[in-house]
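J.: Mind looking over this structure? Questions follow.
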Amino acid sequence: MAEVRFNSVFDIIGPVMVGPSSSHTAGATRIGRVARNIFGEQPEKVTIYLYGSFAKTYHGHGTDMALVGGILGMDPDDTDLRNSLKIAYEKGIKVGFVPKTDLTEHPNTTKIVLKNSEHKLTIVGESIGGGNIRIVEIDGFKVSLSMSHPTYVVIQNDVPGVVASVTDLLNREHINISTMTVRRNGKGSQAMMIIEVDEIRHSIETELKDLPNILSARYFE
Amino acid sequence: MFYTIKELIEQSKAYPSVAELMIATEIDNTGRNKQEIRQLMERNLEAMEASINKGVAGVKSLTGLTGGEAKKMDDYLQAGNFLSGDLVVTAVRNAIAVNEVNAGMGLICATPTAGSAGVLAGVLFAIRDRLGLSHDQQVDFLFTAGAFGLVIGNNAGIAGAEGGCQEEVGSASAMAAAAAVLASGGTVEQASYAVAITLQNLMGLICDPVAGLVEIPCVKRNAMGASQAMVSADMALAGLTSVIPTDEVIEAVRRVGEQMPSAFKETAEGGMATTPTALRLKEEIWGTDDK
């Protein structure tokens, strides 16, 4: 027995996805989608940096369309993915691609910068095979998110008591935390909380957002 | 959970079928209920059938390298004058259809990967009518294939980049052969032999995509995987066995995958990918390296 990497029948049968490549298309869509969900709204400007194999073959594998489709909120099985560049243009979203030669830890890496007049988000993601992804950086916060467990990403003011109020809410809802990471840019500014939970339950995104000092809360299944 | 084919066979005795063992294991591992799990699989089944229909109608890939050949196979099939049996020709047509749709950025169900998605769908929809499989039996076919695929994935692999095409189309073909045996009324032992026969025959198959794209030779490798699955299933149903136990064959696939040079593992640095024509196509599609 080498190593148990696959636990679910749906790791083998599935996902339903737009071709041609689970890593270059499905994984790329998921990275774009995570970026959009954390950003929380339609961006005005998108800059996509591509590294390694992504930089070399992004066009023919549809990685460009997949990333932009994800940023538009599409899933890997959305047949409109192939039209995503046109749709983004029609929505007035400015999209730029920058292939880079810098070496990255993983060959399929992208850095996505989303902007509108008020916000900016930078996210770095890796497509690690079979449509699976890892988010390794959010706004300069080093993270390691597989997005394969139900996950909450919460941005909050860096003041005392916020973490306690969040865990208290999870406790009341009987949601068990499997891992929890808290990062901040600097003392007293903004902080980020990434909470992976055990089981698929109803989302408590709205309740989280209503807590004091929470700036945004997103739920990923 | 079962981690070897031996365990899969033993554990399946406590259930009406391998599919039921797979569903019970999935409930244990994910906490989802049976109804949810079956619904998720039904969606996979629908996507598979739709991708065959789309491909048979005729599609083109983004690069134009592949497409339109499932339609040719369909015309050939309809004309009725072929060498191998109609189910094999149908499985081949279906497999080509799914992979042409994949290359054309159409919707497919990865089984186990996007690049090998034609094999399982190809076989299932070729034998469905002959065996008179109900909707539920078709869904069970996928759970059965997934059960064998899990063991292969965990003991060898399912990625061309890790172990060559033997782990992609090879795994897909073995899964399809096992599910076809059980759908035909064979035993779980016979299904296990079908896995062993298939993997032995596809052992060492390299992953050498022209221009790094999931097109050449992938589309026709899927056709080969589908036909091998049909033939393996027939051999197993005829009572043929494998002297080498199935778990040992899977272990051999892993070893071969590890020993395989990286030029043959999806890097497009060997095999078909470095033929003069492939190198010319690569340059036409991507431009030169320092572009």
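Numbering starts fresh at 1 for the residues of each chain in the structure tokens, the chains themselves are lettered A, B, ... in the order given, and ligands are numbered from 1 as they appear.
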Give me, as CSV, each residue of chain B that comes within 6 Å of chain A, together with its shortest interatomic pair and the distance in Å at one decimal, counting only C-alpha atoms, with rows ordered by chain and rising residue number.

T.:
```
residue,atom,partner,partner_atom,distance
B:Asn102,CA,A:Gly19,CA,4.2
B:Ala103,CA,A:Pro20,CA,4.8
B:Met105,CA,A:Gly19,CA,4.4
B:Gly106,CA,A:Val18,CA,5.1
B:Leu107,CA,A:Val18,CA,4.2
B:Ile108,CA,A:Met17,CA,5.5
B:Cys109,CA,A:Val16,CA,4.1
B:Ala110,CA,A:Gly14,CA,4.8
B:Thr111,CA,A:Ile13,CA,4.8
B:Pro112,CA,A:Ile12,CA,4.5
B:Ala114,CA,A:Ser21,CA,5.7
B:Gly146,CA,A:Val9,CA,5.3
B:Asn154,CA,A:Val4,CA,5.3
B:Asn155,CA,A:Ala2,CA,5.6
```

J.: Convert the current residue selection to file output with all heavy atoms, as a PDB file, in the first residue's frame.

T.:
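Listed below is the output, part_2.pdb:
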```
ATOM      1  N   ASN B 102     -13.922  16.315 -25.293  1.00  0.00           N
ATOM      2  CA  ASN B 102     -12.975  16.822 -24.294  1.00  0.00           C
ATOM      3  C   ASN B 102     -11.989  17.800 -24.925  1.00  0.00           C
ATOM      4  O   ASN B 102     -11.752  18.891 -24.402  1.00  0.00           O
ATOM      5  CB  ASN B 102     -12.235  15.646 -23.650  1.00  0.00           C
ATOM      6  CG  ASN B 102     -11.283  16.074 -22.565  1.00  0.00           C
ATOM      7  OD1 ASN B 102     -11.694  16.737 -21.612  1.00  0.00           O
ATOM      8  ND2 ASN B 102     -10.019  15.731 -22.701  1.00  0.00           N
ATOM      9  N   ALA B 103     -11.421  17.417 -26.067  1.00  0.00           N
ATOM     10  CA  ALA B 103     -10.433  18.273 -26.732  1.00  0.00           C
ATOM     11  C   ALA B 103     -11.069  19.558 -27.253  1.00  0.00           C
ATOM     12  O   ALA B 103     -10.386  20.567 -27.434  1.00  0.00           O
ATOM     13  CB  ALA B 103      -9.764  17.503 -27.866  1.00  0.00           C
ATOM     14  N   MET B 105     -13.167  21.390 -25.631  1.00  0.00           N
ATOM     15  CA  MET B 105     -13.670  22.127 -24.458  1.00  0.00           C
ATOM     16  C   MET B 105     -15.158  21.891 -24.235  1.00  0.00           C
ATOM     17  O   MET B 105     -15.895  22.791 -23.840  1.00  0.00           O
ATOM     18  CB  MET B 105     -13.388  23.631 -24.547  1.00  0.00           C
ATOM     19  CG  MET B 105     -11.975  23.992 -24.143  1.00  0.00           C
ATOM     20  SD  MET B 105     -11.770  25.771 -23.871  1.00  0.00           S
ATOM     21  CE  MET B 105     -12.106  25.924 -22.111  1.00  0.00           C
ATOM     22  N   GLY B 106     -15.592  20.670 -24.509  1.00  0.00           N
ATOM     23  CA  GLY B 106     -16.965  20.301 -24.192  1.00  0.00           C
ATOM     24  C   GLY B 106     -17.032  19.641 -22.825  1.00  0.00           C
ATOM     25  O   GLY B 106     -16.009  19.418 -22.175  1.00  0.00           O
ATOM     26  N   LEU B 107     -18.241  19.310 -22.400  1.00  0.00           N
ATOM     27  CA  LEU B 107     -18.459  18.758 -21.068  1.00  0.00           C
ATOM     28  C   LEU B 107     -18.275  17.239 -21.076  1.00  0.00           C
ATOM     29  O   LEU B 107     -18.881  16.532 -21.873  1.00  0.00           O
ATOM     30  CB  LEU B 107     -19.883  19.107 -20.635  1.00  0.00           C
ATOM     31  CG  LEU B 107     -20.187  19.120 -19.147  1.00  0.00           C
ATOM     32  CD1 LEU B 107     -19.349  20.176 -18.448  1.00  0.00           C
ATOM     33  CD2 LEU B 107     -21.668  19.390 -18.925  1.00  0.00           C
ATOM     34  N   ILE B 108     -17.430  16.752 -20.168  1.00  0.00           N
ATOM     35  CA  ILE B 108     -17.197  15.310 -20.038  1.00  0.00           C
ATOM     36  C   ILE B 108     -17.184  14.961 -18.540  1.00  0.00           C
ATOM     37  O   ILE B 108     -17.149  15.849 -17.690  1.00  0.00           O
ATOM     38  CB  ILE B 108     -15.859  14.872 -20.674  1.00  0.00           C
ATOM     39  CG1 ILE B 108     -14.668  15.687 -20.114  1.00  0.00           C
ATOM     40  CG2 ILE B 108     -15.888  15.040 -22.189  1.00  0.00           C
ATOM     41  CD1 ILE B 108     -13.957  15.074 -18.991  1.00  0.00           C
ATOM     42  N   CYS B 109     -17.199  13.665 -18.257  1.00  0.00           N
ATOM     43  CA  CYS B 109     -17.008  13.241 -16.872  1.00  0.00           C
ATOM     44  C   CYS B 109     -15.652  12.541 -16.797  1.00  0.00           C
ATOM     45  O   CYS B 109     -15.432  11.552 -17.498  1.00  0.00           O
ATOM     46  CB  CYS B 109     -18.125  12.284 -16.455  1.00  0.00           C
ATOM     47  SG  CYS B 109     -17.910  11.663 -14.774  1.00  0.00           S
ATOM     48  N   ALA B 110     -14.742  13.053 -15.995  1.00  0.00           N
ATOM     49  CA  ALA B 110     -13.411  12.465 -15.850  1.00  0.00           C
ATOM     50  C   ALA B 110     -13.530  11.083 -15.210  1.00  0.00           C
ATOM     51  O   ALA B 110     -14.131  10.946 -14.145  1.00  0.00           O
ATOM     52  CB  ALA B 110     -12.525  13.362 -14.993  1.00  0.00           C
ATOM     53  N   THR B 111     -13.007  10.035 -15.888  1.00  0.00           N
ATOM     54  CA  THR B 111     -13.108   8.663 -15.343  1.00  0.00           C
ATOM     55  C   THR B 111     -11.857   7.860 -15.665  1.00  0.00           C
ATOM     56  O   THR B 111     -11.895   7.081 -16.606  1.00  0.00           O
ATOM     57  CB  THR B 111     -14.325   7.928 -15.945  1.00  0.00           C
ATOM     58  OG1 THR B 111     -14.224   8.000 -17.385  1.00  0.00           O
ATOM     59  CG2 THR B 111     -15.642   8.504 -15.515  1.00  0.00           C
ATOM     60  N   PRO B 112     -10.771   7.857 -14.971  1.00  0.00           N
ATOM     61  CA  PRO B 112     -10.585   8.677 -13.781  1.00  0.00           C
ATOM     62  C   PRO B 112     -10.094  10.083 -14.092  1.00  0.00           C
ATOM     63  O   PRO B 112     -10.161  10.954 -13.251  1.00  0.00           O
ATOM     64  CB  PRO B 112      -9.516   7.900 -13.003  1.00  0.00           C
ATOM     65  CG  PRO B 112      -8.714   7.201 -14.050  1.00  0.00           C
ATOM     66  CD  PRO B 112      -9.671   6.893 -15.163  1.00  0.00           C
ATOM     67  N   ALA B 114      -9.663  13.418 -17.261  1.00  0.00           N
ATOM     68  CA  ALA B 114     -10.291  13.958 -18.468  1.00  0.00           C
ATOM     69  C   ALA B 114      -9.714  13.266 -19.704  1.00  0.00           C
ATOM     70  O   ALA B 114     -10.436  12.920 -20.631  1.00  0.00           O
ATOM     71  CB  ALA B 114     -10.066  15.470 -18.535  1.00  0.00           C
ATOM     72  N   GLY B 146     -15.802   2.531 -10.097  1.00  0.00           N
ATOM     73  CA  GLY B 146     -15.123   3.403  -9.135  1.00  0.00           C
ATOM     74  C   GLY B 146     -14.458   2.616  -8.016  1.00  0.00           C
ATOM     75  O   GLY B 146     -13.364   2.974  -7.553  1.00  0.00           O
ATOM     76  N   ASN B 154      -5.040   4.069  -5.545  1.00  0.00           N
ATOM     77  CA  ASN B 154      -4.299   4.136  -4.281  1.00  0.00           C
ATOM     78  C   ASN B 154      -3.045   3.263  -4.277  1.00  0.00           C
ATOM     79  O   ASN B 154      -2.122   3.516  -3.497  1.00  0.00           O
ATOM     80  CB  ASN B 154      -5.212   3.753  -3.119  1.00  0.00           C
ATOM     81  CG  ASN B 154      -6.118   4.914  -2.719  1.00  0.00           C
ATOM     82  OD1 ASN B 154      -5.715   6.082  -2.809  1.00  0.00           O
ATOM     83  ND2 ASN B 154      -7.329   4.614  -2.295  1.00  0.00           N
ATOM     84  N   ASN B 155      -2.992   2.243  -5.139  1.00  0.00           N
ATOM     85  CA  ASN B 155      -1.823   1.360  -5.146  1.00  0.00           C
ATOM     86  C   ASN B 155      -0.890   1.584  -6.326  1.00  0.00           C
ATOM     87  O   ASN B 155       0.258   1.154  -6.283  1.00  0.00           O
ATOM     88  CB  ASN B 155      -2.268  -0.098  -5.111  1.00  0.00           C
ATOM     89  CG  ASN B 155      -2.880  -0.457  -3.769  1.00  0.00           C
ATOM     90  OD1 ASN B 155      -2.175  -0.648  -2.796  1.00  0.00           O
ATOM     91  ND2 ASN B 155      -4.205  -0.497  -3.712  1.00  0.00           N
TER      92      ASN B 155
END
```

J.: Just the residues within 12 Å of B:Ser173, please, counting only C-alpha atoms, with nothing from its chain fewer than 6 positions along; format it as a VMD selection string.

T.: chain B and resid 91 95 111 to 112 116 to 124 145 to 146 148 to 149 152 158 165 to 167 179 to 180 194 to 203 221 to 233

J.: Identify, on the basis of only C-alpha atoms, every residue whose closest approach to B:Lys60 does not exceed 8 Å; exclude the query and any residue fewer than 4 positions from it along the same chain; express the result as a ChimeraX atom specification.

T.: /B:64,66-68,100-101,103-104

J.: Between A:Ala191, A:Thr179, A:Asn157, A:His106, which has the minimum distance to A:Gly140 (counting only C-alpha atoms)?

T.: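 Ranking A:Ala191, A:Thr179, A:Asn157, A:His106 by distance to A:Gly140, first place goes to A:Ala191.
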
J.: I'd like the contact shell of B:Phe264 - 12 Å cut-off, only C-alpha atoms, skipping same-chain residues fewer than 2 positions apart - returned as a PDB file with N, CA and C atoms, in the first residue's frame.

T.:
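Written out: result.pdb:
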```pdb
ATOM      1  N   GLY B 160      -1.135  10.385 -15.888  1.00  0.00           N
ATOM      2  CA  GLY B 160      -0.103  10.161 -16.891  1.00  0.00           C
ATOM      3  C   GLY B 160       1.213  10.802 -16.497  1.00  0.00           C
ATOM      4  N   ALA B 161       1.124  11.941 -15.806  1.00  0.00           N
ATOM      5  CA  ALA B 161       2.320  12.664 -15.385  1.00  0.00           C
ATOM      6  C   ALA B 161       3.090  11.871 -14.332  1.00  0.00           C
ATOM      7  N   GLU B 162       2.407  10.982 -13.631  1.00  0.00           N
ATOM      8  CA  GLU B 162       3.068  10.193 -12.593  1.00  0.00           C
ATOM      9  C   GLU B 162       3.547   8.836 -13.099  1.00  0.00           C
ATOM     10  N   GLY B 163       2.700   8.183 -13.922  1.00  0.00           N
ATOM     11  CA  GLY B 163       3.037   6.804 -14.275  1.00  0.00           C
ATOM     12  C   GLY B 163       2.770   6.418 -15.715  1.00  0.00           C
ATOM     13  N   GLY B 164       2.598   7.418 -16.576  1.00  0.00           N
ATOM     14  CA  GLY B 164       2.348   7.114 -17.986  1.00  0.00           C
ATOM     15  C   GLY B 164       0.903   6.769 -18.266  1.00  0.00           C
ATOM     16  N   CYS B 165       0.634   6.494 -19.542  1.00  0.00           N
ATOM     17  CA  CYS B 165      -0.745   6.212 -19.983  1.00  0.00           C
ATOM     18  C   CYS B 165      -1.266   4.915 -19.374  1.00  0.00           C
ATOM     19  N   GLN B 166      -0.366   3.976 -19.037  1.00  0.00           N
ATOM     20  CA  GLN B 166      -0.815   2.740 -18.386  1.00  0.00           C
ATOM     21  C   GLN B 166      -1.646   3.054 -17.136  1.00  0.00           C
ATOM     22  N   GLY B 204       3.175  -0.548 -19.195  1.00  0.00           N
ATOM     23  CA  GLY B 204       4.287   0.107 -19.880  1.00  0.00           C
ATOM     24  C   GLY B 204       3.854   1.156 -20.891  1.00  0.00           C
ATOM     25  N   LEU B 205       2.559   1.307 -21.090  1.00  0.00           N
ATOM     26  CA  LEU B 205       2.066   2.294 -22.065  1.00  0.00           C
ATOM     27  C   LEU B 205       2.467   3.706 -21.626  1.00  0.00           C
ATOM     28  N   ILE B 206       3.135   4.422 -22.542  1.00  0.00           N
ATOM     29  CA  ILE B 206       3.679   5.734 -22.181  1.00  0.00           C
ATOM     30  C   ILE B 206       2.672   6.850 -22.460  1.00  0.00           C
ATOM     31  N   CYS B 207       2.914   7.995 -21.861  1.00  0.00           N
ATOM     32  CA  CYS B 207       2.090   9.191 -22.072  1.00  0.00           C
ATOM     33  C   CYS B 207       2.938  10.174 -22.873  1.00  0.00           C
ATOM     34  N   ASP B 208       2.587  10.376 -24.146  1.00  0.00           N
ATOM     35  CA  ASP B 208       3.447  11.129 -25.066  1.00  0.00           C
ATOM     36  C   ASP B 208       2.644  12.101 -25.924  1.00  0.00           C
ATOM     37  N   PRO B 209       1.948  13.031 -25.287  1.00  0.00           N
ATOM     38  CA  PRO B 209       0.999  13.880 -26.012  1.00  0.00           C
ATOM     39  C   PRO B 209       1.678  14.865 -26.976  1.00  0.00           C
ATOM     40  N   VAL B 210       1.245  14.819 -28.223  1.00  0.00           N
ATOM     41  CA  VAL B 210       1.778  15.715 -29.254  1.00  0.00           C
ATOM     42  C   VAL B 210       1.454  17.167 -28.883  1.00  0.00           C
ATOM     43  N   GLY B 212       1.910  18.528 -26.260  1.00  0.00           N
ATOM     44  CA  GLY B 212       1.453  18.599 -24.871  1.00  0.00           C
ATOM     45  C   GLY B 212      -0.057  18.622 -24.731  1.00  0.00           C
ATOM     46  N   VAL B 256       6.491  -0.039 -12.624  1.00  0.00           N
ATOM     47  CA  VAL B 256       6.815   0.368 -13.992  1.00  0.00           C
ATOM     48  C   VAL B 256       6.661   1.886 -14.125  1.00  0.00           C
ATOM     49  N   GLY B 257       5.626   2.421 -13.507  1.00  0.00           N
ATOM     50  CA  GLY B 257       5.411   3.873 -13.539  1.00  0.00           C
ATOM     51  C   GLY B 257       6.573   4.629 -12.921  1.00  0.00           C
ATOM     52  N   GLU B 258       7.092   4.092 -11.824  1.00  0.00           N
ATOM     53  CA  GLU B 258       8.221   4.748 -11.152  1.00  0.00           C
ATOM     54  C   GLU B 258       9.502   4.654 -11.976  1.00  0.00           C
ATOM     55  N   GLN B 259       9.664   3.487 -12.625  1.00  0.00           N
ATOM     56  CA  GLN B 259      10.887   3.283 -13.407  1.00  0.00           C
ATOM     57  C   GLN B 259      10.836   3.972 -14.767  1.00  0.00           C
ATOM     58  N   MET B 260       9.659   4.373 -15.179  1.00  0.00           N
ATOM     59  CA  MET B 260       9.496   4.984 -16.497  1.00  0.00           C
ATOM     60  C   MET B 260      10.214   6.337 -16.549  1.00  0.00           C
ATOM     61  N   PRO B 261      11.025   6.577 -17.603  1.00  0.00           N
ATOM     62  CA  PRO B 261      11.705   7.873 -17.693  1.00  0.00           C
ATOM     63  C   PRO B 261      10.694   9.024 -17.806  1.00  0.00           C
ATOM     64  N   SER B 262      11.066  10.198 -17.311  1.00  0.00           N
ATOM     65  CA  SER B 262      10.105  11.306 -17.298  1.00  0.00           C
ATOM     66  C   SER B 262       9.733  11.745 -18.718  1.00  0.00           C
ATOM     67  N   GLU B 266       3.940  12.538 -19.768  1.00  0.00           N
ATOM     68  CA  GLU B 266       3.174  13.757 -20.066  1.00  0.00           C
ATOM     69  C   GLU B 266       4.029  14.990 -20.313  1.00  0.00           C
ATOM     70  N   THR B 267       5.352  14.799 -20.426  1.00  0.00           N
ATOM     71  CA  THR B 267       6.223  15.961 -20.646  1.00  0.00           C
ATOM     72  C   THR B 267       6.342  16.311 -22.126  1.00  0.00           C
ATOM     73  N   ALA B 268       5.792  15.458 -22.993  1.00  0.00           N
ATOM     74  CA  ALA B 268       5.888  15.664 -24.444  1.00  0.00           C
ATOM     75  C   ALA B 268       7.343  15.672 -24.905  1.00  0.00           C
ATOM     76  N   GLU B 269       8.184  14.893 -24.226  1.00  0.00           N
ATOM     77  CA  GLU B 269       9.607  14.842 -24.587  1.00  0.00           C
ATOM     78  C   GLU B 269      10.003  13.492 -25.180  1.00  0.00           C
ATOM     79  N   GLY B 270       9.011  12.667 -25.511  1.00  0.00           N
ATOM     80  CA  GLY B 270       9.348  11.361 -26.090  1.00  0.00           C
ATOM     81  C   GLY B 270       8.192  10.784 -26.874  1.00  0.00           C
ATOM     82  N   GLY B 271       8.410   9.597 -27.422  1.00  0.00           N
ATOM     83  CA  GLY B 271       7.356   8.876 -28.136  1.00  0.00           C
ATOM     84  C   GLY B 271       6.785   9.673 -29.296  1.00  0.00           C
ATOM     85  N   MET B 272       5.470   9.648 -29.425  1.00  0.00           N
ATOM     86  CA  MET B 272       4.787  10.353 -30.516  1.00  0.00           C
ATOM     87  C   MET B 272       5.084  11.849 -30.503  1.00  0.00           C
ATOM     88  N   ALA B 273       5.327  12.381 -29.309  1.00  0.00           N
ATOM     89  CA  ALA B 273       5.470  13.835 -29.161  1.00  0.00           C
ATOM     90  C   ALA B 273       6.737  14.374 -29.808  1.00  0.00           C
ATOM     91  N   THR B 274       7.742  13.494 -30.032  1.00  0.00           N
ATOM     92  CA  THR B 274       8.997  13.999 -30.601  1.00  0.00           C
ATOM     93  C   THR B 274       9.223  13.495 -32.030  1.00  0.00           C
TER      94      THR B 274
END
```

J.: I'd like to know which residues of stretch 13-244 of chain B are strand (DSSP E or B) (by DSSP, run on the backbone); could you write them as a list in words?

T.: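 Of stretch 13-244 of chain B, only Lys60, Gly67, Leu107, Ile108, Cys109 and Cys207 of chain B fall in strand (DSSP E or B).
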
J.: Please measure the separation of atom CA of A:Gly69 and atom CA of A:Glu41, giving the value in Å to one decimal.

T.: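 Atom-to-atom, atom CA of A:Gly69 and atom CA of A:Glu41 are spaced 14.0 Å apart.
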
J.: So how far away is atom CA of B:Ser171 from atom CA of B:Glu46, in Å?

T.: 21.7 Å

J.: In Å, rounded to a single decimal, give me how far atom CA of B:Ala183 is from atom CA of B:Asp140.

T.: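 Between atom CA of B:Asp140 and atom CA of B:Ala183 the gap is 8.6 Å.
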
J.: Report the residues of stretch 73-103 of chain B whose backbone DSSP state falls under helix (DSSP H, G or I), written as a PyMOL selection string.

T.: chain B and resi 73-79+86-103

J.: Excluding same-chain residues fewer than 3 positions from A:Thr104, what lies within 8 Å of it counting only C-alpha atoms, as a list of chain:residue names?

T.: A:Tyr51, A:Gly52, A:Pro107, A:Thr109

J.: Name all residues at most 9 Å from A:Ser203 (count only C-alpha atoms; drop same-chain ones fewer than 5 positions away) and give them as a VMD selection string.

T.: chain A and resid 219 to 221

J.: So that I can see what lies close to A:Thr181, please list as a list of chain:residue names the residues with an atom at most 7 Å from it, counting only C-alpha atoms and leaving out residues fewer than 2 positions away in the same chain.

T.: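 Contacts, with the query itself left out: A:Thr179, A:Arg183, A:Met193, A:Ile194, A:Ile195.
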
J.: Could you write those residues out with N, CA and C atoms, as a tab-separated table (two decimals), in the first residue's frame?

T.:
```tsv
chain	number	residue	atom	x	y	z
A	179	THR	N	-9.21	22.43	10.98
A	179	THR	CA	-8.01	23.27	11.13
A	179	THR	C	-8.44	24.73	11.12
A	183	ARG	N	-4.20	34.90	10.41
A	183	ARG	CA	-3.05	35.67	9.94
A	183	ARG	C	-3.43	37.14	9.95
A	193	MET	N	-8.97	34.85	8.78
A	193	MET	CA	-9.16	33.60	9.48
A	193	MET	C	-9.60	32.56	8.46
A	194	ILE	N	-8.91	31.43	8.41
A	194	ILE	CA	-9.32	30.36	7.51
A	194	ILE	C	-9.71	29.17	8.37
A	195	ILE	N	-10.96	28.79	8.26
A	195	ILE	CA	-11.48	27.72	9.11
A	195	ILE	C	-11.96	26.57	8.24
```

J.: Please determine, counting only C-alpha atoms, which residue among B:Ala263, B:Met175, B:Ile52, B:Val88 has the shortest atom-to-atom distance to B:Gly153.

T.: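 Among B:Ala263, B:Met175, B:Ile52, B:Val88, it is B:Met175 that comes nearest to B:Gly153.
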